[in-house]
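A quick write-up on the structure given underneath.
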Amino acid sequence: MSLLKRFTAYYRPFMGLFMLDIVIAAFSSLLSILFPLLTRYLLSVPIPAGDYRGMCIIFAVMLAVYVIQAVSNYIRIRWGHNLGVRMENKMREDLFAHIQTLSFSYFDRTKTGTIMSRITNDLFQIAEVAHHGPEDLLISVATIVGAYVLMFMISVPLALVSIIPLPFMLFYGIVFGHRMKEKNRAVRRSVADINVDAENSIQGIREVKSFAQENFQKDKFDKSNRKLRATREAMYAQMASYHAGIGFMRDAYYLVTVAGGAILIALGHAGLTDLLTFVLYVSVVVPPIDRLINFTEQLQQGIASFERFTEVMDISPEIKDSENATELVVKDGNIDFRDVSFSYETRGGELVTSHLDLEIKGGERVALVGESGAGKTTIVSLLARFYERDSGSITIDGTDIKDVTQESLHRAIGFVQQSVFLFDASIRENLKYGKSDATDEELWQALRVANLHDFVAGLPDGLDTEVGERGTRLSGGQKQRLSIARVFLKNPPILIFDEATSSLDTESEALIQDAFNNISKGRTSIVIAHRLSTIVDSDKIFVIDEGTVKEVGTHKELLARNGLYTRLYNIKRDEL
């Protein structure tokens, strides 16, 4: 489907609003060219004849024209903008829904700021074009053409004279207006840079102070600030040139019309009434010229924004449900990896797991240990189908995860991760992400299981306490226990505990370990541990190295082998 067809498809649900906007725009254009004509009639007929009644009628018609035009403008501005807003809203719904379907690999290679820009800035620009584009083009063309049709009917010589400046004004406005917009873009880029520097410095204020790098950050910020000043000064220089030039051309438009009219009057080829009418028509024609100039730039920006929109919409999810996908029903919780290989696209195809075999029986608590980068987190990501394996099979209770819906698979697995993400909302709202219809009694029970009940109960606002952006008002251990409570409410049959205590103190680790023990009872549990002290009681330990299982057994069995696990254990023995 062509870009134009895809764009116009978003008009279809709102065709009534679009037609209203276009009809009113055409009607407004017709009204705008009537006033000079009425003025000419007033000067030519009622005034010379001393017809006061006729003059009053013309005045009444003029007033009626202004009233009707005001009503038309209200309708056009209000409902025309509503058209743009509704199209933008529909595009944003489609884009956000599509982004939710994309695989983790897309987010691995795409910056969050880029995604946010697509959702906000680009769609706003598209909406502006969707509303103003057809409207501005129609009003401009209709007004200019309609005005000059009447002007040629009044006086061909004077119309030919007055039309001379038009192409020069359009050329100047489009070329130099584009240069001014380029300067504006440079300013926006500089503003973005200074925002990034300020945001990084503020968010990393603890690191800045702890490393005594205040002067370094200040120098970096000052550099961006000076660049912003320079780009703004360049923009204002270009703006001054543009507005001075276009202002001169507007004045020249009047001058050419008046001078040409004066000469034609002197030669007997035009009358004074004609000249006054043409001066009024010049004031009618100038605003549509500005509209056309802005339309060309706005159209370019709108096309570029819509192209970026379609680029995202054209990205197909790398992981899709099969046509015959069924709902996953976990009975025992048996997990089986058979000959599984996988490579990340961002790492140039290098294998992260290679011919991996791994079997977990339902209800077992197993641990994955190994050096950083051994492939532990990748294994559980493949189990949740966040990434698609290159080869081999992964089954839960004998059913390949490719044959079940992703939604049911994700419902069956609960993650407690090292880097906990909490929404900038209350404790209640964050907990309800695990179970949206949970009662307060269920929320408090989840907090008891997670060893967080007494802490929350002691807060002035209790469950309604705001946690701050990314949970900044809570300690690391409190965030982890809140995430455990959230998973408890989700009540998944399979639980994954990914390095969740690696950066915590001993007391917090003990609380979290106890909370995890509470919720892991009766579930298949996988623990990825940095501290080996957290997994010594596991039913089974898999030692992962270079994406394969090198050793498997209990803690005592693996120590007795005096192999890779023993070496890892000895390195980290001081943590026990």
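Convention: chains lettered A, B, ... in structure tokens order; per-chain residue numbering from 1; ligands numbered from 1 as shown.
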
Can you pull out the residues contacting A:Lys376? Cut-off 9 Å, using only C-alpha atoms, and skip same-chain residues under 5 positions away; I want them as a CSV table (one decimal) with N, CA and C atoms, in the first residue's frame.
chain,number,residue,atom,x,y,z
A,368,LEU,N,20.8,-21.8,38.5
A,368,LEU,CA,21.7,-21.7,37.4
A,368,LEU,C,22.9,-20.8,37.9
A,369,VAL,N,24.1,-21.4,37.9
A,369,VAL,CA,25.3,-20.6,38.3
A,369,VAL,C,26.3,-20.6,37.2
A,370,GLY,N,27.2,-19.6,37.2
A,370,GLY,CA,28.2,-19.5,36.2
A,370,GLY,C,28.8,-18.1,36.2
A,371,GLU,N,29.9,-17.9,35.5
A,371,GLU,CA,30.5,-16.6,35.4
A,371,GLU,C,29.5,-15.6,34.7
A,381,SER,N,15.2,-16.3,29.6
A,381,SER,CA,14.5,-15.4,28.6
A,381,SER,C,14.0,-16.3,27.4
A,498,ASP,N,16.0,-13.9,39.3
A,498,ASP,CA,17.2,-13.6,38.6
A,498,ASP,C,18.1,-12.6,39.3
A,528,ILE,N,18.7,-17.8,39.6
A,528,ILE,CA,20.0,-17.4,39.0
A,528,ILE,C,20.7,-16.6,40.1
A,544,ILE,N,26.6,-23.4,34.4
A,544,ILE,CA,26.6,-23.0,33.0
A,544,ILE,C,27.9,-22.3,32.6
A,545,ASP,N,28.4,-22.7,31.5
A,545,ASP,CA,29.6,-22.1,30.9
A,545,ASP,C,29.5,-22.1,29.4
A,547,GLY,N,27.3,-21.1,27.5
A,547,GLY,CA,26.0,-21.4,27.0
A,547,GLY,C,25.6,-22.9,27.0

With a distance cut-off of 12 Å and only C-alpha atoms, select the neighbouring residues of A:Gly373, excluding the residue or stretch itself and same-chain residues fewer than 6 positions from it, and output the selection as a CSV table (one decimal) with N, CA and C atoms, in the first residue's frame.
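The file below, around.csv, is the result:
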chain,number,residue,atom,x,y,z
A,351,LEU,N,27.1,-17.5,19.1
A,351,LEU,CA,26.2,-18.3,19.9
A,351,LEU,C,26.3,-18.0,21.4
A,352,VAL,N,25.2,-17.8,22.0
A,352,VAL,CA,25.1,-17.6,23.5
A,352,VAL,C,24.8,-18.9,24.2
A,353,THR,N,23.9,-19.7,23.6
A,353,THR,CA,23.7,-21.0,24.1
A,353,THR,C,24.0,-22.0,22.9
A,379,ILE,N,19.0,-18.1,29.1
A,379,ILE,CA,18.2,-19.4,29.2
A,379,ILE,C,16.8,-19.1,29.7
A,530,HIS,N,24.1,-14.8,42.0
A,530,HIS,CA,25.5,-14.3,42.0
A,530,HIS,C,26.2,-14.8,43.3
A,544,ILE,N,26.6,-23.4,34.4
A,544,ILE,CA,26.6,-23.0,33.0
A,544,ILE,C,27.9,-22.3,32.6
A,545,ASP,N,28.4,-22.7,31.5
A,545,ASP,CA,29.6,-22.1,30.9
A,545,ASP,C,29.5,-22.1,29.4
A,546,GLU,N,29.7,-20.9,28.9
A,546,GLU,CA,29.7,-20.7,27.4
A,546,GLU,C,28.4,-21.3,26.8
A,547,GLY,N,27.3,-21.1,27.5
A,547,GLY,CA,26.0,-21.4,27.0
A,547,GLY,C,25.6,-22.9,27.0
A,548,THR,N,26.4,-23.7,27.8
A,548,THR,CA,26.1,-25.1,27.9
A,548,THR,C,26.2,-25.5,29.4

What separates atom CA of A:Leu34 and atom CA of A:Gly54 is a distance of 16.9 Å

If you run DSSP on this backbone, which residues of stretch 289-439 of chain A come out as helix (DSSP H, G or I), and could you give them as a ChimeraX atom specification?
-> /A:289-313,345-347,376-383,401-403,406-411,427-431

For stretch 145-159 of chain A, find every residue with an atom within 12 Å (counting only C-alpha atoms), except residues of its own chain fewer than 3 positions away, and show them as a short mmCIF file (atom, residue, chain, number, x, y, z; two decimals) with all heavy atoms, in the first residue's frame.
data_model
loop_
_atom_site.label_atom_id
_atom_site.label_comp_id
_atom_site.auth_asym_id
_atom_site.auth_seq_id
_atom_site.Cartn_x
_atom_site.Cartn_y
_atom_site.Cartn_z
N ALA A 26 -13.89 26.07 2.20
CA ALA A 26 -14.25 26.64 0.89
C ALA A 26 -15.22 27.80 1.06
O ALA A 26 -15.10 28.84 0.38
CB ALA A 26 -14.86 25.55 0.01
N PHE A 27 -16.15 27.63 1.96
CA PHE A 27 -17.14 28.69 2.22
C PHE A 27 -16.45 29.94 2.77
O PHE A 27 -16.77 31.08 2.39
CB PHE A 27 -18.19 28.17 3.19
CG PHE A 27 -19.34 29.11 3.41
CD1 PHE A 27 -20.12 29.54 2.34
CD2 PHE A 27 -19.66 29.57 4.67
CE1 PHE A 27 -21.19 30.42 2.54
CE2 PHE A 27 -20.72 30.44 4.89
CZ PHE A 27 -21.49 30.86 3.80
N SER A 28 -15.47 29.76 3.69
CA SER A 28 -14.73 30.89 4.26
C SER A 28 -13.96 31.62 3.18
O SER A 28 -13.87 32.86 3.20
CB SER A 28 -13.77 30.39 5.34
OG SER A 28 -14.48 29.85 6.44
N SER A 29 -13.40 30.87 2.24
CA SER A 29 -12.65 31.49 1.14
C SER A 29 -13.58 32.37 0.30
O SER A 29 -13.21 33.49 -0.10
CB SER A 29 -12.01 30.42 0.26
OG SER A 29 -11.14 29.61 1.01
N LEU A 30 -14.78 31.87 0.03
CA LEU A 30 -15.76 32.64 -0.75
C LEU A 30 -16.14 33.92 -0.02
O LEU A 30 -16.20 35.01 -0.61
CB LEU A 30 -17.00 31.78 -1.00
CG LEU A 30 -18.18 32.48 -1.70
CD1 LEU A 30 -17.77 32.90 -3.11
CD2 LEU A 30 -19.39 31.57 -1.76
N LEU A 31 -16.35 33.81 1.30
CA LEU A 31 -16.74 34.99 2.08
C LEU A 31 -15.63 36.03 2.09
O LEU A 31 -15.89 37.24 2.05
CB LEU A 31 -17.07 34.57 3.52
CG LEU A 31 -18.35 33.75 3.72
CD1 LEU A 31 -18.48 33.34 5.18
CD2 LEU A 31 -19.58 34.54 3.29
N SER A 32 -14.36 35.56 2.16
CA SER A 32 -13.24 36.51 2.28
C SER A 32 -13.08 37.39 1.04
O SER A 32 -12.56 38.50 1.12
CB SER A 32 -11.94 35.75 2.55
OG SER A 32 -11.58 34.97 1.42
N ILE A 33 -13.52 36.89 -0.12
CA ILE A 33 -13.35 37.70 -1.35
C ILE A 33 -14.58 38.54 -1.67
O ILE A 33 -14.59 39.30 -2.64
CB ILE A 33 -13.02 36.79 -2.56
CG1 ILE A 33 -14.17 35.82 -2.86
CG2 ILE A 33 -11.72 36.04 -2.33
CD1 ILE A 33 -13.95 34.97 -4.10
N LEU A 34 -15.64 38.43 -0.82
CA LEU A 34 -16.84 39.23 -1.06
C LEU A 34 -16.71 40.67 -0.59
O LEU A 34 -17.28 41.58 -1.21
CB LEU A 34 -18.05 38.58 -0.36
CG LEU A 34 -18.64 37.32 -1.00
CD1 LEU A 34 -19.82 36.83 -0.18
CD2 LEU A 34 -19.09 37.61 -2.44
N PHE A 35 -15.97 40.89 0.50
CA PHE A 35 -15.94 42.23 1.09
C PHE A 35 -15.40 43.30 0.12
O PHE A 35 -16.01 44.36 -0.02
CB PHE A 35 -15.10 42.21 2.37
CG PHE A 35 -15.18 43.49 3.16
CD1 PHE A 35 -16.24 43.74 4.00
CD2 PHE A 35 -14.19 44.46 3.02
CE1 PHE A 35 -16.31 44.93 4.71
CE2 PHE A 35 -14.25 45.65 3.72
CZ PHE A 35 -15.32 45.89 4.57
N PRO A 36 -14.25 43.05 -0.56
CA PRO A 36 -13.80 44.06 -1.52
C PRO A 36 -14.83 44.33 -2.62
O PRO A 36 -15.00 45.47 -3.08
CB PRO A 36 -12.51 43.48 -2.09
CG PRO A 36 -12.03 42.54 -1.03
CD PRO A 36 -13.27 41.96 -0.44
N LEU A 37 -15.53 43.26 -3.04
CA LEU A 37 -16.54 43.42 -4.09
C LEU A 37 -17.71 44.27 -3.58
O LEU A 37 -18.21 45.15 -4.31
CB LEU A 37 -17.03 42.04 -4.52
CG LEU A 37 -17.68 41.92 -5.92
CD1 LEU A 37 -16.67 42.31 -6.99
CD2 LEU A 37 -18.19 40.52 -6.15
N LEU A 38 -18.12 44.04 -2.36
CA LEU A 38 -19.19 44.84 -1.76
C LEU A 38 -18.74 46.30 -1.60
O LEU A 38 -19.53 47.23 -1.81
CB LEU A 38 -19.59 44.27 -0.40
CG LEU A 38 -20.32 42.91 -0.42
CD1 LEU A 38 -20.44 42.35 0.99
CD2 LEU A 38 -21.71 43.06 -1.05
N ARG A 40 -16.56 47.86 -3.49
CA ARG A 40 -16.55 48.47 -4.82
C ARG A 40 -17.97 48.88 -5.24
O ARG A 40 -18.19 49.96 -5.79
CB ARG A 40 -15.97 47.48 -5.83
CG ARG A 40 -15.86 48.04 -7.25
CD ARG A 40 -15.13 47.06 -8.15
NE ARG A 40 -14.88 47.67 -9.44
CZ ARG A 40 -15.72 47.67 -10.48
NH1 ARG A 40 -16.91 47.10 -10.35
NH2 ARG A 40 -15.39 48.24 -11.62
N TYR A 41 -18.93 47.98 -4.96
CA TYR A 41 -20.33 48.31 -5.28
C TYR A 41 -20.80 49.51 -4.48
O TYR A 41 -21.49 50.40 -5.00
CB TYR A 41 -21.23 47.10 -5.00
CG TYR A 41 -22.69 47.36 -5.29
CD1 TYR A 41 -23.17 47.30 -6.60
CD2 TYR A 41 -23.58 47.66 -4.26
CE1 TYR A 41 -24.51 47.55 -6.88
CE2 TYR A 41 -24.91 47.92 -4.53
CZ TYR A 41 -25.38 47.85 -5.84
OH TYR A 41 -26.71 48.12 -6.12
N LEU A 137 -4.35 24.36 1.96
CA LEU A 137 -4.21 24.32 0.51
C LEU A 137 -5.48 24.81 -0.17
O LEU A 137 -5.43 25.63 -1.11
CB LEU A 137 -3.87 22.89 0.07
CG LEU A 137 -3.60 22.70 -1.42
CD1 LEU A 137 -2.38 23.52 -1.86
CD2 LEU A 137 -3.37 21.22 -1.73
N LEU A 138 -6.62 24.33 0.29
CA LEU A 138 -7.90 24.72 -0.32
C LEU A 138 -8.17 26.21 -0.12
O LEU A 138 -8.52 26.92 -1.08
CB LEU A 138 -9.04 23.89 0.29
CG LEU A 138 -10.44 24.24 -0.21
CD1 LEU A 138 -10.55 23.99 -1.71
CD2 LEU A 138 -11.50 23.44 0.54
N ILE A 139 -8.01 26.69 1.12
CA ILE A 139 -8.27 28.10 1.39
C ILE A 139 -7.35 28.99 0.57
O ILE A 139 -7.78 29.99 -0.02
CB ILE A 139 -8.11 28.39 2.90
CG1 ILE A 139 -9.26 27.75 3.69
CG2 ILE A 139 -8.07 29.90 3.16
CD1 ILE A 139 -9.13 27.90 5.19
N SER A 140 -6.06 28.63 0.54
CA SER A 140 -5.09 29.46 -0.17
C SER A 140 -5.39 29.51 -1.66
O SER A 140 -5.49 30.59 -2.25
CB SER A 140 -3.67 28.91 0.06
OG SER A 140 -3.35 28.92 1.43
N VAL A 141 -5.53 28.35 -2.26
CA VAL A 141 -5.76 28.30 -3.71
C VAL A 141 -7.10 28.93 -4.07
O VAL A 141 -7.20 29.75 -5.00
CB VAL A 141 -5.69 26.84 -4.22
CG1 VAL A 141 -6.09 26.77 -5.69
CG2 VAL A 141 -4.28 26.28 -4.03
N ALA A 142 -8.13 28.58 -3.30
CA ALA A 142 -9.47 29.10 -3.60
C ALA A 142 -9.51 30.62 -3.45
O ALA A 142 -10.11 31.33 -4.27
CB ALA A 142 -10.51 28.44 -2.70
N SER A 162 -0.80 43.78 -10.70
CA SER A 162 -0.76 43.37 -9.29
C SER A 162 -0.28 41.93 -9.11
O SER A 162 0.19 41.55 -8.03
CB SER A 162 -2.14 43.51 -8.66
OG SER A 162 -3.06 42.59 -9.22
N ILE A 163 -0.37 41.12 -10.17
CA ILE A 163 0.02 39.71 -10.04
C ILE A 163 1.53 39.52 -10.14
O ILE A 163 2.06 38.46 -9.78
CB ILE A 163 -0.70 38.86 -11.10
CG1 ILE A 163 -0.83 37.40 -10.61
CG2 ILE A 163 0.04 38.90 -12.45
CD1 ILE A 163 -1.70 36.55 -11.51
N ILE A 164 2.24 40.57 -10.60
CA ILE A 164 3.69 40.46 -10.81
C ILE A 164 4.45 40.02 -9.56
O ILE A 164 5.32 39.14 -9.63
CB ILE A 164 4.25 41.80 -11.36
CG1 ILE A 164 3.74 42.04 -12.78
CG2 ILE A 164 5.79 41.81 -11.34
CD1 ILE A 164 4.08 43.43 -13.33
N PRO A 165 4.19 40.58 -8.35
CA PRO A 165 5.00 40.20 -7.17
C PRO A 165 4.73 38.80 -6.64
O PRO A 165 5.53 38.27 -5.86
CB PRO A 165 4.60 41.24 -6.11
CG PRO A 165 3.92 42.34 -6.85
CD PRO A 165 3.28 41.69 -8.02
N LEU A 166 3.58 38.19 -7.01
CA LEU A 166 3.19 36.92 -6.39
C LEU A 166 4.23 35.81 -6.51
O LEU A 166 4.61 35.19 -5.51
CB LEU A 166 1.85 36.44 -6.97
CG LEU A 166 0.60 37.13 -6.42
CD1 LEU A 166 -0.64 36.50 -7.03
CD2 LEU A 166 0.54 37.03 -4.92
N VAL A 256 3.41 48.02 -5.75
CA VAL A 256 3.24 47.73 -7.19
C VAL A 256 1.79 47.94 -7.59
O VAL A 256 1.49 48.51 -8.66
CB VAL A 256 3.69 46.28 -7.49
CG1 VAL A 256 3.27 45.87 -8.90
CG2 VAL A 256 5.20 46.16 -7.35
N THR A 257 0.87 47.47 -6.73
CA THR A 257 -0.56 47.62 -7.04
C THR A 257 -0.97 49.10 -7.08
O THR A 257 -1.65 49.55 -8.02
CB THR A 257 -1.41 46.88 -5.99
OG1 THR A 257 -1.02 45.50 -5.97
CG2 THR A 257 -2.89 46.98 -6.32
N VAL A 258 -0.54 49.86 -6.06
CA VAL A 258 -0.90 51.28 -6.00
C VAL A 258 -0.23 52.06 -7.13
O VAL A 258 -0.88 52.88 -7.82
CB VAL A 258 -0.50 51.87 -4.63
CG1 VAL A 258 -0.67 53.40 -4.63
CG2 VAL A 258 -1.35 51.25 -3.52
N ALA A 259 1.08 51.79 -7.34
CA ALA A 259 1.80 52.52 -8.39
C ALA A 259 1.24 52.18 -9.78
O ALA A 259 1.00 53.07 -10.62
CB ALA A 259 3.29 52.18 -8.33
N GLY A 260 1.01 50.88 -10.00
CA GLY A 260 0.46 50.47 -11.29
C GLY A 260 -0.93 51.05 -11.49
O GLY A 260 -1.29 51.50 -12.60
N GLY A 261 -1.73 51.04 -10.41
CA GLY A 261 -3.08 51.59 -10.50
C GLY A 261 -3.06 53.08 -10.77
O GLY A 261 -3.87 53.60 -11.56
N ALA A 262 -2.14 53.78 -10.10
CA ALA A 262 -2.04 55.24 -10.31
C ALA A 262 -1.69 55.56 -11.76
O ALA A 262 -2.27 56.48 -12.37
CB ALA A 262 -1.00 55.83 -9.37
N ILE A 263 -0.75 54.80 -12.32
CA ILE A 263 -0.35 55.03 -13.72
C ILE A 263 -1.52 54.73 -14.65
O ILE A 263 -1.79 55.49 -15.60
CB ILE A 263 0.88 54.17 -14.07
CG1 ILE A 263 2.10 54.64 -13.27
CG2 ILE A 263 1.16 54.21 -15.57
CD1 ILE A 263 3.29 53.73 -13.39
N LEU A 264 -2.23 53.62 -14.39
CA LEU A 264 -3.36 53.26 -15.24
C LEU A 264 -4.48 54.28 -15.14
O LEU A 264 -5.17 54.58 -16.12
CB LEU A 264 -3.88 51.87 -14.86
CG LEU A 264 -2.96 50.69 -15.24
CD1 LEU A 264 -3.46 49.39 -14.63
CD2 LEU A 264 -2.87 50.55 -16.77
N ILE A 265 -4.69 54.83 -13.91
CA ILE A 265 -5.70 55.89 -13.74
C ILE A 265 -5.30 57.11 -14.55
O ILE A 265 -6.13 57.74 -15.25
CB ILE A 265 -5.87 56.25 -12.25
CG1 ILE A 265 -6.55 55.09 -11.50
CG2 ILE A 265 -6.69 57.52 -12.09
CD1 ILE A 265 -6.58 55.28 -10.01
N LEU A 267 -3.53 57.18 -17.18
CA LEU A 267 -3.65 56.88 -18.61
C LEU A 267 -5.10 56.66 -19.02
O LEU A 267 -5.40 56.45 -20.21
CB LEU A 267 -2.83 55.63 -18.96
CG LEU A 267 -1.30 55.76 -18.80
CD1 LEU A 267 -0.62 54.41 -19.02
CD2 LEU A 267 -0.75 56.81 -19.79
N GLY A 268 -6.00 56.66 -18.02
CA GLY A 268 -7.41 56.49 -18.32
C GLY A 268 -7.84 55.06 -18.51
O GLY A 268 -8.91 54.79 -19.06
N HIS A 269 -7.02 54.10 -18.06
CA HIS A 269 -7.35 52.67 -18.22
C HIS A 269 -7.94 52.05 -16.96
O HIS A 269 -8.26 50.86 -16.94
CB HIS A 269 -6.10 51.89 -18.62
CG HIS A 269 -5.56 52.29 -19.96
ND1 HIS A 269 -6.29 52.19 -21.12
CD2 HIS A 269 -4.35 52.83 -20.31
CE1 HIS A 269 -5.56 52.63 -22.14
NE2 HIS A 269 -4.38 53.04 -21.67
N ALA A 270 -8.08 52.84 -15.89
CA ALA A 270 -8.66 52.34 -14.64
C ALA A 270 -9.23 53.51 -13.87
O ALA A 270 -8.87 54.68 -14.11
CB ALA A 270 -7.60 51.62 -13.81
N GLY A 271 -10.14 53.17 -12.93
CA GLY A 271 -10.74 54.21 -12.10
C GLY A 271 -10.24 54.12 -10.67
O GLY A 271 -9.66 53.11 -10.24
N LEU A 272 -10.52 55.20 -9.91
CA LEU A 272 -10.09 55.23 -8.51
C LEU A 272 -10.76 54.12 -7.70
O LEU A 272 -10.13 53.51 -6.83
CB LEU A 272 -10.42 56.60 -7.90
CG LEU A 272 -9.99 56.82 -6.45
CD1 LEU A 272 -8.48 56.66 -6.31
CD2 LEU A 272 -10.44 58.19 -5.97
N THR A 273 -12.02 53.85 -8.02
CA THR A 273 -12.73 52.78 -7.30
C THR A 273 -12.07 51.43 -7.53
O THR A 273 -11.96 50.61 -6.62
CB THR A 273 -14.19 52.72 -7.78
OG1 THR A 273 -14.81 53.99 -7.54
CG2 THR A 273 -14.96 51.64 -7.03
N ASP A 274 -11.62 51.22 -8.77
CA ASP A 274 -10.92 49.97 -9.09
C ASP A 274 -9.65 49.84 -8.25
O ASP A 274 -9.35 48.76 -7.72
CB ASP A 274 -10.56 49.92 -10.57
CG ASP A 274 -11.79 49.86 -11.46
OD1 ASP A 274 -12.86 49.46 -10.95
OD2 ASP A 274 -11.67 50.22 -12.65
N LEU A 275 -8.91 50.92 -8.13
CA LEU A 275 -7.66 50.88 -7.37
C LEU A 275 -7.93 50.57 -5.89
O LEU A 275 -7.25 49.73 -5.30
CB LEU A 275 -6.91 52.21 -7.50
CG LEU A 275 -5.60 52.32 -6.70
CD1 LEU A 275 -4.64 51.21 -7.10
CD2 LEU A 275 -4.96 53.69 -6.89
N LEU A 276 -8.93 51.23 -5.30
CA LEU A 276 -9.27 50.97 -3.90
C LEU A 276 -9.71 49.51 -3.71
O LEU A 276 -9.37 48.87 -2.72
CB LEU A 276 -10.38 51.92 -3.45
CG LEU A 276 -10.00 53.41 -3.31
CD1 LEU A 276 -11.22 54.25 -3.00
CD2 LEU A 276 -8.93 53.58 -2.24
N THR A 277 -10.46 49.01 -4.67
CA THR A 277 -10.89 47.60 -4.59
C THR A 277 -9.69 46.66 -4.64
O THR A 277 -9.61 45.68 -3.90
CB THR A 277 -11.85 47.28 -5.75
OG1 THR A 277 -12.96 48.19 -5.71
CG2 THR A 277 -12.37 45.85 -5.65
N PHE A 278 -8.74 46.98 -5.52
CA PHE A 278 -7.55 46.13 -5.66
C PHE A 278 -6.68 46.18 -4.40
O PHE A 278 -6.08 45.17 -4.02
CB PHE A 278 -6.75 46.55 -6.90
CG PHE A 278 -7.15 45.82 -8.14
CD1 PHE A 278 -8.40 46.00 -8.69
CD2 PHE A 278 -6.30 44.92 -8.76
CE1 PHE A 278 -8.80 45.32 -9.83
CE2 PHE A 278 -6.67 44.23 -9.89
CZ PHE A 278 -7.93 44.43 -10.44
N VAL A 279 -6.59 47.34 -3.77
CA VAL A 279 -5.83 47.44 -2.52
C VAL A 279 -6.45 46.53 -1.46
O VAL A 279 -5.75 45.86 -0.70
CB VAL A 279 -5.77 48.90 -2.03
CG1 VAL A 279 -5.21 48.97 -0.62
CG2 VAL A 279 -4.92 49.74 -2.98
N LEU A 280 -7.78 46.51 -1.42
CA LEU A 280 -8.45 45.60 -0.48
C LEU A 280 -8.19 44.14 -0.84
O LEU A 280 -8.01 43.29 0.05
CB LEU A 280 -9.96 45.88 -0.49
CG LEU A 280 -10.41 47.21 0.15
CD1 LEU A 280 -11.92 47.40 -0.05
CD2 LEU A 280 -10.06 47.24 1.63
N TYR A 281 -8.17 43.83 -2.13
CA TYR A 281 -7.91 42.46 -2.54
C TYR A 281 -6.48 42.03 -2.23
O TYR A 281 -6.22 40.84 -1.96
CB TYR A 281 -8.21 42.27 -4.03
CG TYR A 281 -9.63 41.85 -4.29
CD1 TYR A 281 -10.50 42.62 -5.05
CD2 TYR A 281 -10.12 40.66 -3.75
CE1 TYR A 281 -11.81 42.24 -5.27
CE2 TYR A 281 -11.44 40.27 -3.98
CZ TYR A 281 -12.28 41.06 -4.73
OH TYR A 281 -13.58 40.68 -4.93
N VAL A 282 -5.54 42.98 -2.26
CA VAL A 282 -4.17 42.65 -1.87
C VAL A 282 -4.14 42.14 -0.43
O VAL A 282 -3.48 41.14 -0.11
CB VAL A 282 -3.24 43.86 -2.04
CG1 VAL A 282 -1.87 43.59 -1.40
CG2 VAL A 282 -3.04 44.17 -3.52
N SER A 283 -4.88 42.81 0.46
CA SER A 283 -4.94 42.38 1.86
C SER A 283 -5.63 41.03 2.01
O SER A 283 -5.39 40.30 2.98
CB SER A 283 -5.66 43.43 2.71
OG SER A 283 -7.02 43.55 2.32
N VAL A 284 -6.49 40.70 1.03
CA VAL A 284 -7.14 39.38 1.05
C VAL A 284 -6.20 38.29 0.56
O VAL A 284 -6.20 37.16 1.06
CB VAL A 284 -8.42 39.40 0.17
CG1 VAL A 284 -8.98 37.99 -0.02
CG2 VAL A 284 -9.48 40.30 0.79
N VAL A 285 -5.33 38.62 -0.42
CA VAL A 285 -4.46 37.63 -1.05
C VAL A 285 -3.22 37.33 -0.22
O VAL A 285 -2.72 36.19 -0.23
CB VAL A 285 -4.06 38.12 -2.47
CG1 VAL A 285 -2.97 37.23 -3.05
CG2 VAL A 285 -5.28 38.13 -3.38
N VAL A 286 -2.70 38.31 0.53
CA VAL A 286 -1.44 38.12 1.25
C VAL A 286 -1.51 36.98 2.28
O VAL A 286 -0.61 36.13 2.31
CB VAL A 286 -0.99 39.44 1.92
CG1 VAL A 286 0.11 39.19 2.94
CG2 VAL A 286 -0.50 40.43 0.87
N PRO A 288 -3.29 34.14 2.39
CA PRO A 288 -3.19 32.82 1.76
C PRO A 288 -1.79 32.50 1.23
O PRO A 288 -1.41 31.33 1.19
CB PRO A 288 -4.19 32.91 0.59
CG PRO A 288 -5.18 33.92 1.03
CD PRO A 288 -4.39 34.92 1.80
N ILE A 289 -1.05 33.55 0.84
CA ILE A 289 0.34 33.30 0.40
C ILE A 289 1.15 32.78 1.58
O ILE A 289 1.94 31.83 1.44
CB ILE A 289 0.96 34.60 -0.17
CG1 ILE A 289 0.24 34.98 -1.47
CG2 ILE A 289 2.45 34.41 -0.42
CD1 ILE A 289 0.68 36.31 -2.03
#

For A:Leu42, which residue among A:Phe59, A:Phe542, A:Phe488, A:Phe96 is the nearest when counting only C-alpha atoms?
->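 Ranked by minimum distance to A:Leu42, first place goes to A:Phe59.
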
In Å, how far is it from atom CA of A:Ala97 to atom CA of A:Thr310?
->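 Atom-to-atom, atom CA of A:Ala97 to atom CA of A:Thr310, that is 13.7 Å.
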
Near A:Ile335, within 7 Å and counting only C-alpha atoms, which residues show up once chain neighbours fewer than 5 positions away are dropped, as a list in words?
-> Glu359, Ile360, Lys361, Thr395, Ile396 and Asp397 of chain A

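Closest approach to A:Thr465 from the set A:Met313, A:Ile484, A:Ala425, A:Val191 is made by A:Ala425, with distances taken over only C-alpha atoms.
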
Using only C-alpha atoms, pick whichever of A:Arg232, A:Arg53, A:Arg365, A:Lys402 has the shortest atom-to-atom distance to A:Lys320.
-> A:Lys402

If we count only C-alpha atoms, what is near stretch 217-226 of chain A at a cut-off of 8 Å, once residues fewer than 3 positions away on the same chain are taken out, given as a PyMOL selection string?
-> chain A and resi 190+193-194+197-198+201+208+213-214+229-230

Mind checking DSSP for stretch 136-344 of chain A and telling me the strand (DSSP E) residues as a VMD selection string?
-> chain A and resid 335 to 343

Just give me the gap between atom CA of A:Ser426 and atom CA of A:Leu511 in Å, one decimal is fine.
->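 According to the coordinates, atom CA of A:Ser426 and atom CA of A:Leu511 are separated by 22.2 Å.
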